[in-house]
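Down below is the structure, laid out as structure tokens.
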Amino acid sequence: MFDPYILQQLAIGLSLGMIYALMAIGFTLIFGVLNVVNFAHGEVYTIGAFAGLMAISAFGPPLLVVLFIALAAGAFAGFSLERLAFSPFRRFSDEASLKSRAMREATLMSSLAMSIIAREAMEMIFGSQFQSVDLAYLINKPINIGPITIVNGDLIIFAVTLIMLGGLQWLLKKSPIGLSIRAVSNNALGAKYCGINTDRTIIITFVIGSGMGALAGILVGLYYGAIFPAMGFAPGIKAFVAMVMGGLSSIPGAVISAIILGLSESLSTSFMSSVWSDMVAYGFLLLTLIFFPQGLFGARRDRV
Amino acid sequence: MSKSRLIKLGLIILVFALVPAILVGFDKGYYYQIATIAAIFMLLAASLHLVTGVAGLLHLGHAALYGVGAYVAAILGAEYGIGFTIGVPLAGLSAAAIAFLVALPTMRLMSIYFAVATLGIGQMLFLIFQNWVGLTKGPNGVMLFSGLNLFGFEIDTDLGIYYVVASIVALSILVLNRLSHSYYGNALRSLREDDQCASAMGINVTVMKIQAFVISSFFAGIAGALWAYTTGYISPNDFQFSQSILILTMVVVGGLGSLPGALIGALLLIILPEMLRSVGDIRNIIVGVMMFGAILFLPKGLFGEVSALNFARRMLGQGWAAKKGEKGIGWK
């Protein structure tokens with residue numbers, strides 16, 4: 001009934017979607033709390049990949065340790081990013097200025113500037129070429145399931161995304177940190193009056209979101225065996241698309257949209273040349289913006 | 001002679017006599033190249049200024065519309081033998097036409113949503129440049145061998161090309177100056193500040209936004225055509241997302257909403273990296289650091305909007321000055 005080719009494409013699309021999802025979660029988390037777009041998220045992803053790569057070439061630890069090193073590097077990058085590019089613009093803590101357009105545009109551009117600096121610095125240090133990755137670490141050993149072939153990386157990415165998503169939901173809904181994150185995202189000033197340290201909460205949000213982005217980076221780097229300074233740009237835009245499609249502040253919405261994106265991208269390659277598959281993502285973005293401006297799964301907003 | 005006449009005359013002398021004199025003095029092809037590139041980017045920054053600075057629409061796909069102009073001019077010139085005189089306006093018009101089609105559905109989007117939409121459209125156009133090999137020759141780019149032929153006169157000296165580019169750019173900037181320092185510009189500024197309020201005051205917000213977007217894209221297309229003719233070779237990499245960001249940086253560094261600021265920003269960001277060529281790869285980092293520093297320490301830009309408006313109205317716009325025995329219009 002099902003063509004094995006289509007099934008294979010579905011499997012590829014699912015793992016692609018999971019990668020986008022992993023990145024979109026961090027993106028959406030940061031947007032949900034601060035209501036600003038973090039354009040440097042793609043660079044955090046690259047930093048994660050490079051940190052993992054450096055760990056591998058320095059002392060060759062087991063894969064799990066590499067993942068944790070990438071996570072730590074991403075967390076640190078998120079912390080510095082927040083301190084450098086976001087906190088200087090939170091001069092006033094009242095509601096209006098926190099959500100004002102000036103604030104949003106200033107942080108948008110400062111995060112863009114940070115991303116330029118980070119990418120160019122990495123290009124200067126490592127060169128713009130693909131880095132060679134130790135073959136033993138690549139997660140692309142094939143596994144046959146019936147008519148289709150997947151690689152062990154698919155399973156790892158799937159598992160990591162599920163763990164991350166579950167862990168995040170637990171953190172947001174059950175833990176005191178999650179409570180303060182949700183409070184700040186709902187009403188920063190109110191949270192402050194209730195004795196929540198808003199600055200610390202925002203830092204924690206950045207650390208969590210960026211850690212997840214960096215983890216996505218090293219996983220994808222090992223999955224495709226391609227680590228290079230500009231690698232964060234394309235998935236960054238895809239994650240952005242997923243976030244907009246999902247309704248900007250809804251994490252489950254972003255994950256579902258990311259999977260839809262991945263699936264449609266890989267299925268589209270059976271109809272057209274693969275160089276055009278990015279067109280599908282941008283087409284989705286525009287269609288969503290035009291017909292469902294508040295996103296497919298988002299809460300209603302007054303004006304978009 | 002009044003002060004405002006003096007400034008205008010000074011600007012004309014600077015662009016059409018002083019800079020060429022310096023260029024002839026050094027007589028290096030490299031300097032001519034920098035001068036023409038700086039002029040083209042000044043036009044790009046001035047056109048983005050109209051959309052992002054004056055009308056307040058964060059536009060992240062300007063380089064793609066600039067690319068449309070470049071590709072139209074180059075393909076017309078290389079394949080169909082349509083020269084500079086007709087190719088340049090056609091390039092501007094086709095960029096404007098595409099901008100109009102884009103603007104129709106996206107103009108009702110607000111702030112960040114509009115930025116994302118323009119980003120998506122910019123990327124789509126970039127994909128077309130890169131992958132529609134039949135039309136755009138794909139990643140190989142288009143070579144444009146035909147020289148710069150203006151009304152039948154072949155212009156092949158570096159100095160002549162500089163003069164042609166500088167006059168077209170100066171004329172375009174004059175138009176943009178009149179647009180942004182007039183009642184029209186004021187209306188655009190009002191919808192930047194509060195579009196609901198502007199709409200209540202009787203301004204047709206959507207139409208005004210579309211107009212600003214289309215006009216700006218027209219000039220971006222002209223800049224693209226000039227780029228195609230002066231470099232003689234275009235490839236998709238010239239019109240990447242990073243170029244949009246570079247143009248945006250020029251506008252931000254100069255000061256959002258300030259036309260002189262945008263021009264200063266463009267000059268700074270083209271000439272400074274060239275002067276820093278000896279330090280090599282760091283120059284891109286310096287662009288990033290400058291952008292960051294400008295946002296952090298000069299939130300109003302090098303030449304902020306208020307002082308730029310004052311300057312423009314006092315020095316450049318006679319229309320704003322009070323005539324004898326009459327009340328001045330507008331300002332104050």
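Identifiers in this document derive from the order of the structure tokens: chains are assigned A, B, ..., residues are numbered from 1 separately in each chain, and ligands are numbered from 1 in order of occurrence.
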
(request) Residues of chain B near chain A: apply a cut-off of 9 Å, count only C-alpha atoms, and supply the list as number ranges by chain. (result) B: 58, 105-106, 108-114, 116-117, 119-121, 123-124, 127-128, 131, 242, 245, 249, 252, 281-282, 284-293, 295-296, 299

(message) I want to know what sits within 7 Å of Thr201 in chain A, based on only C-alpha atoms, with residues of the same chain fewer than 4 positions away left out; could you give that as a list in words?
(response) Ser180, Ile181, Asn197 and Thr205 of chain A

(message) Ranking A:Phe126, A:Phe50, A:Phe228, A:Trp170 by minimum distance to Gly74 in chain A and counting only C-alpha atoms, which one comes first?
(response)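 Using only C-alpha atoms, Gly74 in chain A sits closest to A:Phe50.
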
(message) What's the separation between CA of Ala212 in chain B and CA of Ala308 in chain B, in Å to one decimal place?
(response)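 Between CA of Ala212 in chain B and CA of Ala308 in chain B the gap works out to 19.7 Å.
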
(message) Could you list, as an MDAnalysis selection string, every residue within 10 Å of Ala70 in chain B, counting only C-alpha atoms and ignoring same-chain residues fewer than 4 positions away?
(response) chainID B and resid 64:66 74:76 87:88 91:92 95 142 220:229 233:235 238:239

Residues at most 7 Å from Gly26 in chain A, counting only C-alpha atoms, excluding those fewer than 5 positions away in the same chain, as a PDB file with N, CA and C atoms, in the first residue's frame?
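Heads up, here's the output in selection.pdb:
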```pdb
ATOM      1  N   GLY A 209      17.391  27.710  26.932  1.00  0.00           N
ATOM      2  CA  GLY A 209      17.113  27.748  25.494  1.00  0.00           C
ATOM      3  C   GLY A 209      18.367  27.566  24.668  1.00  0.00           C
ATOM      4  N   SER A 210      19.443  28.249  25.069  1.00  0.00           N
ATOM      5  CA  SER A 210      20.665  28.153  24.285  1.00  0.00           C
ATOM      6  C   SER A 210      21.316  26.791  24.442  1.00  0.00           C
ATOM      7  N   MET A 212      19.775  24.016  24.698  1.00  0.00           N
ATOM      8  CA  MET A 212      19.084  23.126  23.766  1.00  0.00           C
ATOM      9  C   MET A 212      19.497  23.393  22.331  1.00  0.00           C
ATOM     10  N   GLY A 213      19.688  24.672  22.002  1.00  0.00           N
ATOM     11  CA  GLY A 213      20.138  24.993  20.653  1.00  0.00           C
ATOM     12  C   GLY A 213      21.503  24.384  20.374  1.00  0.00           C
TER      13      GLY A 213
END
```

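The spacing separating CA of Ala234 in chain A from CA of Gln131 in chain A amounts to 17.8 Å.
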
(message) Excluding range 41-50 of chain B and its own-chain neighbours fewer than 4 positions away, which residues fall within 7 Å of it when counting only C-alpha atoms? Please give them as a VMD selection string.
(response) chain B and resid 37 54 to 55 169 173 180 212 216 219 to 220 223 247 250 to 251 257 259 262 to 263 266 to 267

(request) Enumerate, as a ChimeraX atom specification, the complete set of residues in range 53-269 of chain B that a backbone-based DSSP assignment places in helix (DSSP H, G or I). (result) /B:53-54,62-79,84-106,111-131,133-136,138-140,158-180,183-193,195-200,205-231,236-239,241-254,259-269

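Distance check against Met143 in chain B using only C-alpha atoms: of B:Gly265, B:Gly56, B:Gly304, B:Gly77, the minimum falls on B:Gly77.
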
(message) What's around Leu267 in chain A at 8 Å? Count only C-alpha atoms, leave out sequence neighbours fewer than 2 positions away in its own chain, and write the answer as a PyMOL selection string.
(response) chain A and resi 6+9-10+13+263-265+269-271

Just N, CA and C atoms for this one: save the residues we selected as a PDB file, in the first residue's frame.
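Ended up saving to part-v2.pdb:
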```pdb
ATOM      1  N   ILE A   6       8.326   6.457  -0.264  1.00  0.00           N
ATOM      2  CA  ILE A   6       7.617   7.484   0.496  1.00  0.00           C
ATOM      3  C   ILE A   6       7.860   7.291   1.993  1.00  0.00           C
ATOM      4  N   GLN A   9      11.173   8.555   2.842  1.00  0.00           N
ATOM      5  CA  GLN A   9      11.165  10.020   2.903  1.00  0.00           C
ATOM      6  C   GLN A   9      10.509  10.507   4.185  1.00  0.00           C
ATOM      7  N   LEU A  10       9.449   9.800   4.595  1.00  0.00           N
ATOM      8  CA  LEU A  10       8.771  10.176   5.836  1.00  0.00           C
ATOM      9  C   LEU A  10       9.730  10.072   7.011  1.00  0.00           C
ATOM     10  N   GLY A  13      12.140  12.866   6.861  1.00  0.00           N
ATOM     11  CA  GLY A  13      11.478  14.109   7.223  1.00  0.00           C
ATOM     12  C   GLY A  13      11.231  14.210   8.706  1.00  0.00           C
ATOM     13  N   LEU A 263       8.796  17.185   7.469  1.00  0.00           N
ATOM     14  CA  LEU A 263       8.120  16.195   6.629  1.00  0.00           C
ATOM     15  C   LEU A 263       7.861  16.762   5.238  1.00  0.00           C
ATOM     16  N   SER A 264       7.338  17.992   5.184  1.00  0.00           N
ATOM     17  CA  SER A 264       6.986  18.517   3.866  1.00  0.00           C
ATOM     18  C   SER A 264       8.240  18.778   3.046  1.00  0.00           C
ATOM     19  N   GLU A 265       9.334  19.152   3.748  1.00  0.00           N
ATOM     20  CA  GLU A 265      10.560  19.373   3.004  1.00  0.00           C
ATOM     21  C   GLU A 265      11.078  18.087   2.373  1.00  0.00           C
ATOM     22  N   THR A 269      10.946  16.635  -1.965  1.00  0.00           N
ATOM     23  CA  THR A 269      12.040  16.243  -2.850  1.00  0.00           C
ATOM     24  C   THR A 269      11.615  15.169  -3.833  1.00  0.00           C
ATOM     25  N   SER A 270      10.480  14.494  -3.572  1.00  0.00           N
ATOM     26  CA  SER A 270      10.040  13.518  -4.563  1.00  0.00           C
ATOM     27  C   SER A 270       9.321  14.191  -5.730  1.00  0.00           C
ATOM     28  N   PHE A 271       8.957  15.446  -5.569  1.00  0.00           N
ATOM     29  CA  PHE A 271       8.299  16.135  -6.678  1.00  0.00           C
ATOM     30  C   PHE A 271       9.236  17.090  -7.398  1.00  0.00           C
TER      31      PHE A 271
END
```

(request) Run DSSP on the backbone and grab whatever in range 63-277 of chain B lands in strand (DSSP E); send it over as a list of chain:residue names. (result)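 Assigned to strand (DSSP E), within range 63-277 of chain B: B:Val142, B:Met143, B:Leu148, B:Asn149, B:Leu150, B:Phe153, B:Glu154, B:Ile155, B:Tyr233, B:Ile234.
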
(request) Could you please determine the separation between CA of Glu82 in chain A and CA of Met164 in chain A in Å, to one decimal place? (result) 21.6 Å

(request) May I ask which of the residues B:Ile7, B:Thr36, B:Val24, B:Gln196 is the closest one to Ser167 in chain B, counting only C-alpha atoms? (result)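 Once distances to Ser167 in chain B are computed over only C-alpha atoms, the minimum belongs to B:Thr36.
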